[in-house]
>>> print(open('final.cif').read())   # mmCIF, C-alpha atoms
data_run
loop_
_atom_site.label_atom_id
_atom_site.label_comp_id
_atom_site.auth_asym_id
_atom_site.auth_seq_id
_atom_site.Cartn_x
_atom_site.Cartn_y
_atom_site.Cartn_z
CA MET A 18 -191.98 64.96 34.90
CA ASN A 19 -189.96 67.56 36.77
CA VAL A 20 -186.20 67.87 36.92
CA LYS A 21 -184.75 67.03 40.33
CA GLY A 22 -181.08 67.73 39.64
CA ILE A 23 -178.12 66.94 37.48
CA LYS A 24 -175.28 64.46 37.84
CA SER A 25 -171.78 64.79 36.49
CA ILE A 26 -170.66 61.70 34.60
CA LYS A 27 -167.40 63.43 33.72
CA ALA A 28 -166.92 67.08 34.61
CA GLU A 29 -167.29 69.46 31.67
CA LYS A 30 -167.87 66.55 29.26
CA LEU A 31 -171.02 64.64 30.14
CA TYR A 32 -173.90 65.28 32.55
CA SER A 33 -177.17 63.48 33.13
CA ILE A 34 -180.50 64.83 34.34
CA GLU A 35 -182.31 63.35 37.34
CA TYR A 36 -186.12 63.48 37.39
CA GLU A 37 -188.45 63.46 40.37
CA GLY A 38 -189.79 60.00 41.11
CA PHE A 39 -186.67 58.18 39.90
CA ASP A 40 -183.76 57.00 42.02
CA ALA A 41 -181.19 57.05 39.25
CA ASN A 42 -180.12 59.69 36.76
CA GLU A 43 -181.20 59.10 33.17
CA LEU A 44 -177.95 57.61 31.86
CA VAL A 45 -177.83 55.08 34.70
CA ARG A 46 -181.55 54.31 34.40
CA LEU A 47 -181.36 53.75 30.64
CA PHE A 48 -178.49 51.29 30.76
CA GLN A 49 -180.04 49.46 33.72
CA ASN A 50 -183.22 48.97 31.69
CA TRP A 51 -181.49 48.13 28.42
CA LYS A 52 -179.49 45.33 30.02
CA ASP A 53 -182.45 43.95 31.97
CA PRO A 54 -184.14 41.03 30.13
CA ASN A 55 -187.23 41.31 32.34
CA PHE A 56 -187.71 45.00 31.53
CA LEU A 57 -187.08 44.36 27.82
CA ASN A 58 -189.47 41.39 27.77
CA ASP A 59 -192.25 43.60 29.21
CA PHE A 60 -191.41 46.38 26.77
CA PHE A 61 -191.37 44.26 23.61
CA THR A 62 -194.47 42.35 24.75
CA THR A 63 -196.28 45.69 25.13
CA PHE A 64 -195.05 46.92 21.74
CA THR A 65 -195.19 43.60 19.84
CA GLU A 66 -197.11 45.20 16.99
CA ASP A 67 -194.46 47.88 16.49
CA LEU A 68 -191.69 45.29 16.80
CA TYR A 69 -193.15 43.17 14.00
CA SER A 70 -194.27 46.12 11.87
CA GLY A 71 -191.32 45.66 9.52
CA PHE A 72 -189.69 48.98 10.43
CA TYR A 73 -186.91 46.89 11.97
CA PRO A 74 -186.00 43.36 10.89
CA THR A 75 -186.91 41.18 13.90
CA ASP A 76 -188.70 37.86 14.04
CA ARG A 77 -188.71 36.96 17.75
CA ILE A 78 -188.96 38.82 21.07
CA GLU A 79 -186.02 36.74 22.35
CA ASN A 80 -183.81 38.07 19.53
CA ALA A 81 -185.01 41.63 20.15
CA ILE A 82 -183.98 41.32 23.80
CA SER A 83 -180.55 39.86 22.94
CA ASP A 84 -179.94 42.49 20.24
CA THR A 85 -180.88 45.31 22.62
CA ILE A 86 -178.51 44.08 25.33
CA LEU A 87 -175.65 43.72 22.83
CA GLU A 88 -176.29 47.19 21.47
CA ALA A 89 -176.53 48.69 24.95
CA LYS A 90 -173.16 47.22 25.85
CA ALA A 91 -171.63 48.61 22.65
CA LEU A 92 -173.19 52.03 23.19
CA SER A 93 -171.99 52.17 26.78
CA LYS A 94 -168.47 51.34 25.59
CA ALA A 95 -168.62 53.94 22.82
CA ILE A 96 -169.54 56.65 25.34
CA ARG A 97 -166.79 55.62 27.74
CA ASP A 98 -164.15 55.29 25.01
CA ASN A 99 -165.01 58.75 23.67
CA ILE A 100 -165.86 60.50 26.93
CA ASP A 101 -163.45 63.38 26.19
CA ASN A 102 -164.79 63.92 22.70
CA LEU A 103 -168.41 62.83 22.34
CA SER A 104 -169.00 64.72 19.11
CA GLY A 105 -168.65 61.43 17.24
CA VAL A 106 -171.26 59.75 19.45
CA PHE A 107 -173.96 62.44 19.67
CA PHE A 108 -175.61 63.80 16.53
CA PRO A 109 -178.27 66.47 15.96
CA LEU A 110 -181.74 65.15 16.81
CA SER A 111 -183.24 66.52 13.61
CA PRO A 112 -182.19 68.71 10.67
CA ALA A 113 -183.56 71.66 12.68
CA ASP A 114 -181.01 71.00 15.44
CA ASN A 115 -177.91 71.73 13.44
CA GLU A 116 -174.61 72.76 14.90
CA SER A 117 -175.09 76.45 14.22
CA PHE A 118 -177.61 76.67 17.10
CA PRO A 119 -176.30 77.42 20.58
CA HIS A 120 -177.55 74.31 22.31
CA PRO A 121 -179.07 71.88 19.82
CA ARG A 122 -180.94 68.80 20.90
CA CYS A 123 -178.96 65.69 20.09
CA LYS A 124 -179.13 61.91 20.09
CA ALA A 125 -176.82 58.94 20.32
CA LYS A 126 -177.74 55.67 18.62
CA GLY A 127 -176.77 52.02 18.82
CA HIS A 128 -174.13 50.64 16.45
CA ARG A 129 -176.45 48.73 14.08
CA SER A 130 -177.31 50.49 10.83
CA LYS A 131 -180.96 50.35 11.92
CA SER A 132 -180.76 50.75 15.66
CA TRP A 133 -183.74 51.37 17.94
CA LEU A 134 -181.71 52.56 20.93
CA ARG A 135 -181.70 56.32 21.49
CA ILE A 136 -180.09 58.53 24.10
CA TYR A 137 -181.40 62.08 23.95
CA GLY A 138 -179.62 65.16 25.20
CA ILE A 139 -178.61 68.75 24.75
CA ASN A 140 -175.31 69.85 23.30
CA LEU A 141 -174.01 72.60 25.62
CA GLY A 142 -171.10 73.39 23.32
CA ASP A 143 -167.36 73.01 23.96
CA ASN A 144 -167.79 69.25 23.59
CA CYS A 145 -170.09 69.05 26.59
CA TYR A 146 -173.43 67.19 26.62
CA VAL A 147 -176.37 66.73 28.99
CA VAL A 148 -178.37 63.50 28.77
CA THR A 149 -182.08 64.21 29.20
CA GLY A 150 -183.44 60.71 28.55
CA GLY A 151 -183.62 57.92 26.05
CA ALA A 152 -185.90 55.33 24.53
CA ILE A 153 -186.30 52.23 22.43
CA LYS A 154 -187.73 53.81 19.33
CA LEU A 155 -189.65 51.29 17.21
CA THR A 156 -191.50 53.82 15.06
CA LYS A 157 -190.31 56.45 12.63
CA ALA A 158 -191.68 59.54 14.39
CA MET A 159 -191.02 60.33 18.06
CA GLY A 160 -194.46 61.86 18.45
CA SER A 161 -196.30 58.69 17.44
CA ARG A 162 -195.83 56.78 20.72
CA ARG A 163 -196.33 58.00 24.27
CA HIS A 164 -192.91 56.90 25.55
CA THR A 165 -191.01 58.63 22.73
CA LYS A 166 -193.23 61.71 22.87
CA LEU A 167 -192.40 61.91 26.56
CA GLU A 168 -188.72 62.21 25.60
CA LEU A 169 -189.49 65.34 23.57
CA ASP A 170 -191.20 66.80 26.64
CA LYS A 171 -188.21 65.87 28.81
CA LEU A 172 -185.86 67.65 26.40
CA GLU A 173 -188.01 70.76 26.80
CA LYS A 174 -188.20 70.47 30.60
CA ALA A 175 -184.44 69.98 30.86
CA LYS A 176 -183.81 73.00 28.64
CA GLN A 177 -186.02 75.15 30.89
CA TRP A 178 -184.27 73.85 33.98
CA LEU A 179 -180.84 74.64 32.52
CA LEU A 180 -182.05 78.17 31.85
CA GLU A 181 -183.46 78.65 35.35
CA ALA A 182 -180.23 77.30 36.82
CA GLU A 183 -178.45 79.87 34.64
CA ILE A 184 -176.33 77.23 32.96
CA ILE A 185 -177.43 78.38 29.54
CA ASP A 186 -178.07 82.03 28.72
CA ASN A 187 -181.33 83.74 27.90
CA ILE A 188 -180.00 84.69 24.54
CA ASP A 189 -179.10 81.06 23.91
CA LEU A 190 -182.59 79.95 24.84
CA GLU A 191 -184.32 82.58 22.73
CA ASN A 192 -182.33 81.46 19.75
CA PHE A 193 -182.98 77.85 20.66
CA GLU A 194 -186.75 78.33 20.85
CA LEU A 195 -186.94 80.45 17.75
CA GLY A 196 -184.74 78.06 15.87
CA LEU A 197 -182.38 80.84 14.96
CA MET B 17 -172.77 77.71 28.83
CA LYS B 18 -171.50 78.47 32.34
CA LYS B 19 -169.25 75.59 33.32
CA GLY B 20 -168.65 76.93 36.81
CA LYS B 21 -172.37 76.91 37.63
CA LEU B 22 -172.79 73.47 36.11
CA ASN B 23 -170.01 72.02 38.22
CA GLY B 24 -171.35 73.81 41.29
CA ILE B 25 -174.83 72.28 41.19
CA SER B 26 -174.01 68.79 39.94
CA SER B 27 -172.94 65.87 42.10
CA THR B 28 -170.81 63.07 40.72
CA SER B 29 -172.31 59.88 39.29
CA ASN B 30 -170.30 56.66 39.47
CA TRP B 31 -171.63 55.46 36.11
CA LEU B 32 -168.17 55.21 34.50
CA ASP B 33 -166.84 53.07 37.37
CA SER B 34 -169.95 50.92 37.58
CA GLN B 35 -169.82 50.16 33.84
CA SER B 36 -166.15 49.15 34.10
CA LYS B 37 -166.96 46.88 37.03
CA GLU B 38 -169.81 45.37 35.03
CA ASP B 39 -167.41 44.67 32.14
CA LYS B 40 -165.32 42.53 34.49
CA LYS B 41 -168.41 40.47 35.40
CA GLU B 42 -169.38 39.99 31.77
CA TYR B 43 -168.01 36.43 31.74
CA TYR B 44 -171.05 35.33 33.77
CA LEU B 45 -173.48 38.20 33.13
CA HIS B 46 -173.86 37.15 29.50
CA ASP B 47 -174.95 33.64 30.51
CA SER B 48 -177.15 34.99 33.30
CA ARG B 49 -179.02 37.18 30.79
CA GLN B 50 -179.37 34.34 28.27
CA ILE B 51 -180.85 32.10 30.98
CA SER B 52 -183.26 34.89 31.91
CA ILE B 53 -184.31 35.33 28.26
CA GLU B 54 -185.04 31.59 27.98
CA MET B 55 -187.01 31.61 31.25
CA LEU B 56 -189.03 34.64 30.13
CA SER B 57 -189.78 32.88 26.85
CA VAL B 58 -191.20 29.88 28.76
CA ILE B 59 -193.27 32.17 31.03
CA ARG B 60 -194.63 34.10 28.04
CA SER B 61 -195.58 31.03 26.01
CA SER B 62 -197.12 29.26 29.05
CA GLY B 63 -199.48 32.13 29.80
CA LYS B 64 -198.73 31.57 33.49
CA SER B 65 -197.53 34.22 35.95
CA GLN B 66 -194.01 34.71 37.34
CA LYS B 67 -195.50 33.86 40.73
CA PHE B 68 -196.54 30.44 39.40
CA PHE B 69 -192.95 29.68 38.35
CA ALA B 70 -191.54 31.09 41.60
CA ASN B 71 -193.77 28.64 43.48
CA LYS B 72 -192.57 25.82 41.22
CA MET B 73 -188.99 26.73 42.08
CA GLY B 74 -189.82 27.02 45.76
CA ILE B 75 -188.62 30.61 45.98
CA HIS B 76 -190.23 34.00 46.55
CA GLU B 77 -191.50 35.94 43.56
CA GLN B 78 -189.04 38.74 44.39
CA SER B 79 -186.16 36.27 44.20
CA LEU B 80 -187.34 35.12 40.77
CA GLY B 81 -187.57 38.80 39.76
CA LYS B 82 -183.89 39.23 40.66
CA ILE B 83 -182.93 36.18 38.59
CA LEU B 84 -184.94 37.50 35.63
CA LYS B 85 -183.01 40.78 35.73
CA GLY B 86 -180.09 38.70 34.43
CA ASN B 87 -177.42 40.10 36.71
CA GLN B 88 -177.07 37.23 39.18
CA ASN B 89 -174.12 34.89 39.53
CA LEU B 90 -176.34 31.81 39.72
CA THR B 91 -175.38 28.85 41.89
CA LEU B 92 -175.63 25.28 40.63
CA SER B 93 -178.48 24.72 43.07
CA THR B 94 -180.47 27.60 41.54
CA ILE B 95 -179.66 26.43 38.01
CA LYS B 96 -181.01 22.95 38.79
CA LYS B 97 -184.20 24.48 40.25
CA ILE B 98 -184.63 26.53 37.08
CA GLU B 99 -184.10 23.48 34.87
CA VAL B 100 -186.76 21.48 36.71
CA ALA B 101 -189.35 24.28 37.10
CA PHE B 102 -189.01 25.64 33.56
CA GLY B 103 -188.32 22.35 31.77
CA ILE B 104 -185.20 23.72 30.11
CA THR B 105 -181.65 22.43 29.91
CA ILE B 106 -179.06 25.00 30.92
CA ILE B 107 -175.93 22.92 31.42
CA ARG B 108 -175.93 21.38 27.99
CA ASP B 109 -172.40 19.98 27.85
CA PHE B 110 -173.09 17.69 30.79
CA GLU B 111 -176.39 16.65 29.24
CA GLN B 112 -174.70 15.72 25.95
CA GLU B 113 -172.02 13.80 27.77
CA ARG B 114 -174.71 11.89 29.67
CA LEU B 115 -176.38 10.92 26.40
CA ARG B 116 -173.12 9.79 24.84
CA ARG B 117 -172.60 7.42 27.72
CA LEU B 118 -176.21 6.35 27.77
CA SER B 119 -177.17 2.72 28.05
CA CYS B 120 -180.89 2.12 28.48
CA SER B 121 -180.66 -1.39 29.89
CA SER B 122 -184.07 -1.31 31.55
CA SER B 123 -185.92 -1.06 28.24
CA GLY B 124 -183.54 -3.28 26.35
CA PHE B 125 -182.07 -0.48 24.25
CA GLU B 126 -178.43 0.05 23.99
CA LEU B 127 -176.86 3.12 22.56
CA SER B 128 -173.13 2.86 22.25
CA PHE B 129 -170.79 5.53 21.17
CA ALA B 130 -167.47 4.63 19.67
CA ALA B 131 -165.42 7.58 18.63
CA TYR B 132 -163.03 7.74 15.73
CA VAL B 133 -164.21 4.64 13.91
CA GLU B 134 -163.20 4.92 10.31
CA PRO B 135 -166.20 5.85 8.14
CA ASN B 136 -165.68 2.89 5.78
CA HIS B 137 -166.37 0.53 8.70
CA LEU B 138 -169.94 1.78 8.89
CA THR B 139 -172.81 0.61 6.77
CA GLN B 140 -175.41 2.99 5.40
CA ALA B 141 -178.03 1.52 7.75
CA GLU B 142 -175.90 2.11 10.78
CA LEU B 143 -175.49 5.73 9.83
CA HIS B 144 -179.21 6.43 9.74
CA PRO B 145 -180.73 5.39 13.04
CA ASN B 146 -184.00 7.04 13.88
CA ARG B 147 -186.75 7.19 16.39
CA ASN B 148 -188.64 4.32 14.69
CA ASP B 149 -185.70 1.93 15.13
CA LEU B 150 -185.94 2.56 18.81
CA LEU B 151 -189.72 2.26 19.03
CA ASN B 152 -190.03 -0.78 16.73
CA HIS B 153 -187.46 -2.85 18.58
CA PRO B 154 -188.32 -2.26 22.22
CA HIS B 155 -186.91 -5.56 23.41
CA HIS B 156 -183.83 -5.73 21.31
CA SER B 157 -180.43 -4.47 21.95
CA ILE B 158 -179.46 -2.07 19.19
CA THR B 159 -175.99 -0.76 18.82
CA TRP B 160 -175.37 2.27 16.70
CA VAL B 161 -171.83 3.19 16.02
CA PHE B 162 -170.77 6.64 14.93
CA ASN B 163 -167.52 7.90 13.61
CA SER B 164 -167.53 11.20 15.45
CA PRO B 165 -169.10 12.84 18.50
CA GLN B 166 -170.76 15.29 16.10
CA LYS B 167 -172.53 12.45 14.27
CA PHE B 168 -173.67 10.98 17.58
CA ASP B 169 -175.06 14.34 18.64
CA HIS B 170 -176.75 14.84 15.28
CA TYR B 171 -178.57 11.49 15.36
CA CYS B 172 -179.04 10.83 19.06
CA LEU B 173 -179.78 14.17 20.71
CA PRO B 174 -183.17 14.42 18.96
CA LEU B 175 -184.02 11.07 20.56
CA ALA B 176 -183.42 12.46 24.03
CA SER B 177 -187.12 12.99 24.69
CA ILE B 178 -187.88 9.26 24.57
CA ILE B 179 -184.89 8.18 26.58
CA PRO B 180 -185.50 8.25 30.34
CA LYS B 181 -183.15 10.54 32.25
CA GLY B 182 -180.83 9.23 34.90
CA GLN B 183 -180.09 5.87 33.31
#
>>> encode(input="final.cif", output="structure tokens")
Amino acid sequence: MNVKGIKSIKAEKLYSIEYEGFDANELVRLFQNWKDPNFLNDFFTTFTEDLYSGFYPTDRIENAISDTILEAKALSKAIRDNIDNLSGVFFPLSPADNESFPHPRCKAKGHRSKSWLRIYGINLGDNCYVVTGGAIKLTKAMGSRRHTKLELDKLEKAKQWLLEAEIIDNIDLENFELGL
Amino acid sequence: MKKGKLNGISSTSNWLDSQSKEDKKEYYLHDSRQISIEMLSVIRSSGKSQKFFANKMGIHEQSLGKILKGNQNLTLSTIKKIEVAFGITIIRDFEQERLRRLSCSSSGFELSFAAYVEPNHLTQAELHPNRNDLLNHPHHSITWVFNSPQKFDHYCLPLASIIPKGQ
């Protein structure tokens, strides 16, 4: 999946990557899907086993769809309400992505204590974020399912693209890759 | 980070505006999504395709796809088509009102609803009507009296399946 471009959601605060083969940028695409019962029905039908695995407390696909839509609405509102200071919405993706790194990978989650909604991005610093993708994460590890593993690849692709577009520095990237 | 470069290569997305506009439509979008979820549940449990249900509704599959996205301001005509094709009741308040006023004269049943009757005017038997009363006395007129709309709903709505519609 190659990067096609980048959209400004709010200048110097929030950007969103566009990928080849998709009409909408990632932020738009995610919220379109997460509020679409037909998309969610297909998704939860495909991943029924994960849904009922006990990792999240859900008993019916209908409830999973309703919960996802409610969470998506709340997450959309949280981003809009905090658009000038998203540091309370985005958190480091993993312990390795702590704030001391130049451009750590980050994630935003739904409001439930155990939420499966994820928006993934890169923290550019100065309270500015780039959304690289997102997923409904029904398993503990991102690498264990193809659609969440793809999000790790997209984070990497987006990082490379930001470097080639000279938006982040070489020195930043070297540190980023080395985990320094 | 080079903000100048970032601003130079990015075009503006209208996501913030579109979300605000969507908020203003939420008064019907919520219901539209709930209807879609119920329809999808029927499709899933039936094992039939969306095309099958589109045919039942007399619409194109693409039109059903749009309805199932849950972002349509559905007309009464479409809602009635959905109710018939999917066997679900969407406009429930009207349905409950119909049942409260129900009088099944053709089969000899009579269900009457009298609101706000004092509870001490009711006997224990009158308070516990059931499906068997209806089935065991097909040619008798039975009047059940309830002291609140809630009691009527509690006892009579489960009987809806054996009461013909439109009477």
>>> closest_atom_pairs(input="final.cif", of="chain A", to="chain B", cutoff="6 Å", atoms="only C-alpha atoms", output="CSV")
residue,atom,partner,partner_atom,distance
A:Ile23,CA,B:Ser26,CA,5.1
A:Lys24,CA,B:Ser26,CA,5.0
A:Ser25,CA,B:Thr28,CA,4.7
A:Ile26,CA,B:Ser29,CA,5.3
A:Asp53,CA,B:Lys85,CA,4.9
A:Pro54,CA,B:Lys85,CA,5.7
A:Asn55,CA,B:Lys85,CA,5.4
A:Ile184,CA,B:Lys18,CA,5.0
A:Ile185,CA,B:Met17,CA,4.8
>>> write_last_selection(input="final.cif", atoms="C-alpha atoms", output="PDB file, in the coordinates of the input")
ATOM      1  CA  ILE A  23    -178.120  66.940  37.480  1.00  0.00           C
ATOM      2  CA  LYS A  24    -175.280  64.460  37.840  1.00  0.00           C
ATOM      3  CA  SER A  25    -171.780  64.790  36.490  1.00  0.00           C
ATOM      4  CA  ILE A  26    -170.660  61.700  34.600  1.00  0.00           C
ATOM      5  CA  ASP A  53    -182.450  43.950  31.970  1.00  0.00           C
ATOM      6  CA  PRO A  54    -184.140  41.030  30.130  1.00  0.00           C
ATOM      7  CA  ASN A  55    -187.230  41.310  32.340  1.00  0.00           C
ATOM      8  CA  ILE A 184    -176.330  77.230  32.960  1.00  0.00           C
ATOM      9  CA  ILE A 185    -177.430  78.380  29.540  1.00  0.00           C
TER      10      ILE A 185
END
>>> residues_around(input="final.cif", residues="range 94-103 of chain B", least_positions_apart="3", cutoff="8 Å", atoms="all atoms listed in the file", output="number ranges by chain")
B: 55, 58, 69, 72-73, 90-91, 106
>>> resolve_selection(input="final.cif", expression="the PyMOL selection byres ((chain A and resi 131) around 12)", output="ChimeraX atom specification")
/A:71-75,84-85,88,126-130,132-135,153-157
>>> residues_around(input="final.cif", residues="Glu35 in chain A", least_positions_apart="4", cutoff="6 Å", atoms="only C-alpha atoms", output="list in words")
Val20, Lys21, Gly22, Ile23 and Asn42 of chain A
>>> atom_distance(input="final.cif", atom1="CA of Ile96 in chain A", atom2="CA of Glu43 in chain A")
14.3 Å
>>> residues_around(input="final.cif", residues="Ala175 in chain A", least_positions_apart="3", cutoff="7 Å", atoms="all atoms listed in the file", output="PDB file with C-alpha atoms, keeping the file's coordinate frame")
ATOM      1  CA  VAL A  20    -186.200  67.870  36.920  1.00  0.00           C
ATOM      2  CA  THR A 149    -182.080  64.210  29.200  1.00  0.00           C
ATOM      3  CA  LYS A 171    -188.210  65.870  28.810  1.00  0.00           C
ATOM      4  CA  LEU A 172    -185.860  67.650  26.400  1.00  0.00           C
ATOM      5  CA  TRP A 178    -184.270  73.850  33.980  1.00  0.00           C
ATOM      6  CA  LEU A 179    -180.840  74.640  32.520  1.00  0.00           C
TER       7      LEU A 179
END
>>> atom_distance(input="final.cif", atom1="CA of Lys41 in chain B", atom2="CA of Asp40 in chain A")
23.5 Å
>>> atom_distance(input="final.cif", atom1="CA of Asn140 in chain A", atom2="CA of Leu103 in chain A")
9.9 Å
>>> closest_residue(input="final.cif", among="A:Ala158, A:Ala81, A:Ala95, A:Ala125", to="Leu110 in chain A", atoms="all atoms listed in the file")
A:Ala125
>>> residues_around(input="final.cif", residues="Glu168 in chain A", least_positions_apart="5", cutoff="8 Å", atoms="all atoms listed in the file", output="list in words")
Tyr137, Thr149, Gly150, Gly151 and Ala152 of chain A
>>> residues_around(input="final.cif", residues="Asn102 in chain A", least_positions_apart="2", cutoff="12 Å", atoms="only C-alpha atoms", output="PyMOL selection string")
chain A and resi 27+29-31+95-100+104-107+142-146
>>> write_last_selection(input="final.cif", atoms="C-alpha atoms", output="mmCIF file, in the coordinates of the input")
data_model
loop_
_atom_site.group_PDB
_atom_site.id
_atom_site.type_symbol
_atom_site.label_atom_id
_atom_site.label_comp_id
_atom_site.auth_asym_id
_atom_site.auth_seq_id
_atom_site.Cartn_x
_atom_site.Cartn_y
_atom_site.Cartn_z
ATOM 1 C CA LYS A 27 -167.400 63.430 33.720
ATOM 2 C CA GLU A 29 -167.290 69.460 31.670
ATOM 3 C CA LYS A 30 -167.870 66.550 29.260
ATOM 4 C CA LEU A 31 -171.020 64.640 30.140
ATOM 5 C CA ALA A 95 -168.620 53.940 22.820
ATOM 6 C CA ILE A 96 -169.540 56.650 25.340
ATOM 7 C CA ARG A 97 -166.790 55.620 27.740
ATOM 8 C CA ASP A 98 -164.150 55.290 25.010
ATOM 9 C CA ASN A 99 -165.010 58.750 23.670
ATOM 10 C CA ILE A 100 -165.860 60.500 26.930
ATOM 11 C CA SER A 104 -169.000 64.720 19.110
ATOM 12 C CA GLY A 105 -168.650 61.430 17.240
ATOM 13 C CA VAL A 106 -171.260 59.750 19.450
ATOM 14 C CA PHE A 107 -173.960 62.440 19.670
ATOM 15 C CA GLY A 142 -171.100 73.390 23.320
ATOM 16 C CA ASP A 143 -167.360 73.010 23.960
ATOM 17 C CA ASN A 144 -167.790 69.250 23.590
ATOM 18 C CA CYS A 145 -170.090 69.050 26.590
ATOM 19 C CA TYR A 146 -173.430 67.190 26.620
#
>>> residues_near_point(input="final.cif", point="(-194.3, 62.0, 38.1)", cutoff="10 Å", atoms="only C-alpha atoms", output="JSON, numbers by chain")
{"A": [18, 19, 36, 37, 38, 39]}
>>> residues_near_point(input="final.cif", point="(-181.2, 65.4, 13.1)", cutoff="12 Å", atoms="all atoms listed in the file", output="list in words")
Phe107, Phe108, Pro109, Leu110, Ser111, Pro112, Ala113, Asp114, Asn115, Glu116, Pro121, Arg122, Cys123, Lys124, Ala125, Lys126 and Tyr137 of chain A
>>> closest_residue(input="final.cif", among="B:Arg108, B:Tyr44, B:Gly74, B:Lys37", to="Ser93 in chain B", atoms="only C-alpha atoms")
B:Gly74
